[in-house]
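So this one's input.tsv, TSV, C-alpha atoms:
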chain	number	residue	atom	x	y	z
A	24	MET	CA	-0.01	19.37	-31.60
A	25	GLN	CA	2.81	20.38	-29.28
A	26	LYS	CA	6.47	19.60	-28.72
A	27	ALA	CA	6.93	16.10	-27.17
A	28	ASP	CA	3.54	14.82	-28.39
A	29	PHE	CA	3.51	11.34	-29.90
A	30	VAL	CA	2.17	10.77	-33.40
A	31	ILE	CA	1.34	7.32	-34.74
A	32	LEU	CA	1.83	7.20	-38.50
A	33	SER	CA	-0.02	4.96	-40.91
A	34	ALA	CA	0.97	4.08	-44.46
A	35	SER	CA	-0.20	1.10	-46.50
A	36	LYS	CA	-1.44	-0.38	-43.22
A	37	PRO	CA	-2.57	1.28	-39.96
A	38	ARG	CA	-0.17	2.21	-37.17
A	39	VAL	CA	3.28	1.55	-38.62
A	40	LEU	CA	5.58	4.04	-36.83
A	41	VAL	CA	5.71	6.32	-33.78
A	42	VAL	CA	7.33	9.74	-33.99
A	43	GLN	CA	7.63	12.38	-31.30
A	44	VAL	CA	7.20	16.06	-32.13
A	45	GLY	CA	10.61	17.62	-31.64
A	46	GLY	CA	10.14	21.22	-32.66
A	47	ASP	CA	7.83	24.16	-33.00
A	48	TYR	CA	5.60	24.83	-36.00
A	49	GLU	CA	7.41	26.14	-39.08
A	50	PHE	CA	6.17	27.44	-42.43
A	51	GLU	CA	8.54	26.83	-45.32
A	52	ASP	CA	7.73	28.68	-48.57
A	53	HIS	CA	9.99	26.31	-50.48
A	54	SER	CA	9.55	22.91	-48.91
A	55	PRO	CA	12.21	20.33	-49.85
A	56	PHE	CA	9.39	17.78	-50.17
A	57	GLU	CA	7.28	17.28	-53.27
A	58	GLY	CA	3.68	18.36	-52.75
A	59	ASP	CA	1.95	20.79	-50.41
A	60	TYR	CA	4.13	20.45	-47.29
A	61	GLN	CA	4.84	24.02	-46.21
A	62	HIS	CA	3.40	23.44	-42.71
A	63	GLN	CA	6.03	21.48	-40.79
A	64	ARG	CA	7.37	20.36	-37.42
A	65	SER	CA	10.53	18.40	-36.79
A	66	VAL	CA	10.10	14.92	-35.34
A	67	VAL	CA	12.18	12.23	-33.66
A	68	ILE	CA	11.54	8.67	-34.87
A	69	ARG	CA	10.76	6.46	-31.85
A	70	ARG	CA	11.58	2.92	-32.96
A	71	ASP	CA	11.67	1.95	-29.26
A	72	LEU	CA	7.86	2.35	-29.07
A	73	SER	CA	5.39	-0.02	-30.69
A	74	PRO	CA	2.66	1.91	-32.53
A	75	LYS	CA	0.13	-0.87	-31.86
A	76	ASP	CA	0.94	-1.01	-28.12
A	77	LEU	CA	0.92	2.79	-27.80
A	78	TRP	CA	-2.46	2.95	-29.55
A	79	LYS	CA	-3.92	0.37	-27.14
A	80	LYS	CA	-2.48	2.07	-24.04
A	81	ALA	CA	-3.89	5.41	-25.17
A	82	GLY	CA	-7.31	3.84	-25.57
A	83	GLY	CA	-7.59	4.34	-29.34
A	84	ALA	CA	-9.46	7.26	-30.80
A	85	ALA	CA	-11.13	9.77	-28.45
A	86	PRO	CA	-14.95	9.92	-28.48
A	87	GLY	CA	-16.22	11.59	-31.63
A	88	GLN	CA	-12.94	10.92	-33.46
A	89	ASN	CA	-12.75	8.64	-36.49
A	90	ASP	CA	-9.51	6.64	-36.58
A	91	ARG	CA	-9.47	6.98	-40.37
A	92	GLN	CA	-9.04	10.77	-40.17
A	93	THR	CA	-5.66	12.30	-40.93
A	94	LEU	CA	-5.11	13.52	-37.36
A	95	ILE	CA	-6.99	12.43	-34.25
A	96	ARG	CA	-6.61	12.60	-30.48
A	97	TYR	CA	-6.13	9.57	-28.25
A	98	GLU	CA	-8.78	8.58	-25.72
A	99	ARG	CA	-6.42	9.42	-22.84
A	100	THR	CA	-3.09	11.12	-22.20
A	101	LEU	CA	-0.20	8.75	-21.63
A	102	THR	CA	2.11	8.93	-18.63
A	103	GLU	CA	5.79	7.98	-18.37
A	104	ASP	CA	4.67	4.66	-16.81
A	105	ASP	CA	2.79	3.87	-20.04
A	106	LEU	CA	5.97	4.06	-22.05
Produce structure tokens that represent the structure in this file.
Amino acid sequence: MQKADFVILSASKPRVLVVQVGGDYEFEDHSPFEGDYQHQRSVVIRRDLSPKDLWKKAGGAAPGQNDRQTLIRYERTLTEDDL
């Protein structure tokens, strides 16, 4: 994962929100979040992008990837024209 990458988040249903990675990797010994969240990156919420449309344009999960995994790659890299 790198700065400017898009991440499609799922919650109680698949593909509910798009965020864009806004910062470099950080390790926080004392995370402000409950649970095991020391490994972090800042993100920008992209409400202007539809997670379902972005998923379709990116071709879904790349070969060998299971779309139920925590983190997967898209089938193809998106261009500015896709957005």
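For the point (8.1, 4.0, -39.8) in file coordinates, the residues within 8 Å, using all atoms listed in the file, are Leu32, Val39, Leu40, Val41, Ile68 and Arg70 of chain A.
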Take the residues from that selection and write them out as a tab-separated table (two decimals), in the coordinates of the input, keeping C-alpha atoms.
chain	number	residue	atom	x	y	z
A	32	LEU	CA	1.83	7.20	-38.50
A	39	VAL	CA	3.28	1.55	-38.62
A	40	LEU	CA	5.58	4.04	-36.83
A	41	VAL	CA	5.71	6.32	-33.78
A	68	ILE	CA	11.54	8.67	-34.87
A	70	ARG	CA	11.58	2.92	-32.96
What's the 12 Å shell around segment 82-96 of chain A, counting all atoms listed in the file, without same-chain residues fewer than 5 positions away, as a ChimeraX atom specification? /A:24,28-34,36-38,74-77,101,105
Can you pull out every residue within 6 Å of Val44 of chain A, counting all atoms listed in the file, but drop anything in the same chain fewer than 6 positions away, and send it as a short mmCIF file (atom, residue, chain, number, x, y, z; two decimals) with C-alpha atoms, in the coordinates of the input?
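The new file part.cif reads:
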data_model
loop_
_atom_site.label_atom_id
_atom_site.label_comp_id
_atom_site.auth_asym_id
_atom_site.auth_seq_id
_atom_site.Cartn_x
_atom_site.Cartn_y
_atom_site.Cartn_z
CA LYS A 26 6.47 19.60 -28.72
CA ALA A 27 6.93 16.10 -27.17
CA ASP A 28 3.54 14.82 -28.39
CA VAL A 66 10.10 14.92 -35.34
#
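Going from atom CA of Ala81 of chain A to atom CA of Glu98 of chain A covers 5.9 Å.
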Axis-aligned box for all listed atoms of segment 74-78 of chain A, 4 Å per side, centre and edges in Å to one decimal, as JSON:
{"center_x": 0.1, "center_y": 1.0, "center_z": -30.2, "size_x": 13.1, "size_y": 12.0, "size_z": 12.7}
At a cut-off of 7 Å from (6.7, 20.8, -35.3) in the coordinates of the file, what residues are picked up using all atoms listed in the file, written as a PyMOL selection string? chain A and resi 26+44-49+63-66
How would segment 80-100 of chain A look with N, CA and C atoms restored, written as a PDB file, in the coordinates of the input?
ATOM      1  N   LYS A  80      -2.636   1.419 -25.343  1.00  0.00           N
ATOM      2  CA  LYS A  80      -2.480   2.070 -24.040  1.00  0.00           C
ATOM      3  C   LYS A  80      -3.186   3.410 -23.988  1.00  0.00           C
ATOM      4  N   ALA A  81      -3.237   4.103 -25.125  1.00  0.00           N
ATOM      5  CA  ALA A  81      -3.890   5.410 -25.170  1.00  0.00           C
ATOM      6  C   ALA A  81      -5.406   5.285 -25.338  1.00  0.00           C
ATOM      7  N   GLY A  82      -5.871   4.057 -25.502  1.00  0.00           N
ATOM      8  CA  GLY A  82      -7.310   3.840 -25.570  1.00  0.00           C
ATOM      9  C   GLY A  82      -7.915   4.038 -26.951  1.00  0.00           C
ATOM     10  N   GLY A  83      -7.075   4.126 -27.987  1.00  0.00           N
ATOM     11  CA  GLY A  83      -7.590   4.340 -29.340  1.00  0.00           C
ATOM     12  C   GLY A  83      -8.068   5.762 -29.534  1.00  0.00           C
ATOM     13  N   ALA A  84      -8.970   5.930 -30.458  1.00  0.00           N
ATOM     14  CA  ALA A  84      -9.460   7.260 -30.800  1.00  0.00           C
ATOM     15  C   ALA A  84     -10.367   7.808 -29.687  1.00  0.00           C
ATOM     16  N   ALA A  85     -10.269   9.114 -29.437  1.00  0.00           N
ATOM     17  CA  ALA A  85     -11.130   9.770 -28.450  1.00  0.00           C
ATOM     18  C   ALA A  85     -12.574   9.768 -28.961  1.00  0.00           C
ATOM     19  N   PRO A  86     -13.555   9.890 -28.057  1.00  0.00           N
ATOM     20  CA  PRO A  86     -14.950   9.920 -28.480  1.00  0.00           C
ATOM     21  C   PRO A  86     -15.181  11.008 -29.530  1.00  0.00           C
ATOM     22  N   GLY A  87     -15.937  10.642 -30.553  1.00  0.00           N
ATOM     23  CA  GLY A  87     -16.220  11.590 -31.630  1.00  0.00           C
ATOM     24  C   GLY A  87     -15.147  11.654 -32.699  1.00  0.00           C
ATOM     25  N   GLN A  88     -14.035  10.933 -32.498  1.00  0.00           N
ATOM     26  CA  GLN A  88     -12.940  10.920 -33.460  1.00  0.00           C
ATOM     27  C   GLN A  88     -13.040   9.660 -34.316  1.00  0.00           C
ATOM     28  N   ASN A  89     -12.746   9.777 -35.585  1.00  0.00           N
ATOM     29  CA  ASN A  89     -12.750   8.640 -36.490  1.00  0.00           C
ATOM     30  C   ASN A  89     -11.296   8.258 -36.737  1.00  0.00           C
ATOM     31  N   ASP A  90     -10.920   7.008 -36.465  1.00  0.00           N
ATOM     32  CA  ASP A  90      -9.510   6.640 -36.580  1.00  0.00           C
ATOM     33  C   ASP A  90      -9.035   6.555 -38.031  1.00  0.00           C
ATOM     34  N   ARG A  91      -9.887   6.899 -38.969  1.00  0.00           N
ATOM     35  CA  ARG A  91      -9.470   6.980 -40.370  1.00  0.00           C
ATOM     36  C   ARG A  91      -9.178   8.425 -40.787  1.00  0.00           C
ATOM     37  N   GLN A  92      -9.371   9.378 -39.876  1.00  0.00           N
ATOM     38  CA  GLN A  92      -9.040  10.770 -40.170  1.00  0.00           C
ATOM     39  C   GLN A  92      -7.527  10.936 -40.211  1.00  0.00           C
ATOM     40  N   THR A  93      -7.092  12.027 -40.817  1.00  0.00           N
ATOM     41  CA  THR A  93      -5.660  12.300 -40.930  1.00  0.00           C
ATOM     42  C   THR A  93      -5.021  12.494 -39.565  1.00  0.00           C
ATOM     43  N   LEU A  94      -5.668  13.233 -38.677  1.00  0.00           N
ATOM     44  CA  LEU A  94      -5.110  13.520 -37.360  1.00  0.00           C
ATOM     45  C   LEU A  94      -6.216  13.419 -36.320  1.00  0.00           C
ATOM     46  N   ILE A  95      -5.997  12.589 -35.304  1.00  0.00           N
ATOM     47  CA  ILE A  95      -6.990  12.430 -34.250  1.00  0.00           C
ATOM     48  C   ILE A  95      -6.305  12.454 -32.884  1.00  0.00           C
ATOM     49  N   ARG A  96      -7.111  12.671 -31.850  1.00  0.00           N
ATOM     50  CA  ARG A  96      -6.610  12.600 -30.480  1.00  0.00           C
ATOM     51  C   ARG A  96      -6.815  11.206 -29.928  1.00  0.00           C
ATOM     52  N   TYR A  97      -5.958  10.823 -28.981  1.00  0.00           N
ATOM     53  CA  TYR A  97      -6.130   9.570 -28.250  1.00  0.00           C
ATOM     54  C   TYR A  97      -7.258   9.720 -27.245  1.00  0.00           C
ATOM     55  N   GLU A  98      -7.761   8.593 -26.773  1.00  0.00           N
ATOM     56  CA  GLU A  98      -8.780   8.580 -25.720  1.00  0.00           C
ATOM     57  C   GLU A  98      -8.241   9.198 -24.439  1.00  0.00           C
ATOM     58  N   ARG A  99      -6.976   8.884 -24.077  1.00  0.00           N
ATOM     59  CA  ARG A  99      -6.420   9.420 -22.840  1.00  0.00           C
ATOM     60  C   ARG A  99      -4.960   9.833 -23.040  1.00  0.00           C
ATOM     61  N   THR A 100      -4.480  10.692 -22.176  1.00  0.00           N
ATOM     62  CA  THR A 100      -3.090  11.120 -22.200  1.00  0.00           C
ATOM     63  C   THR A 100      -2.217  10.057 -21.555  1.00  0.00           C
TER      64      THR A 100
END
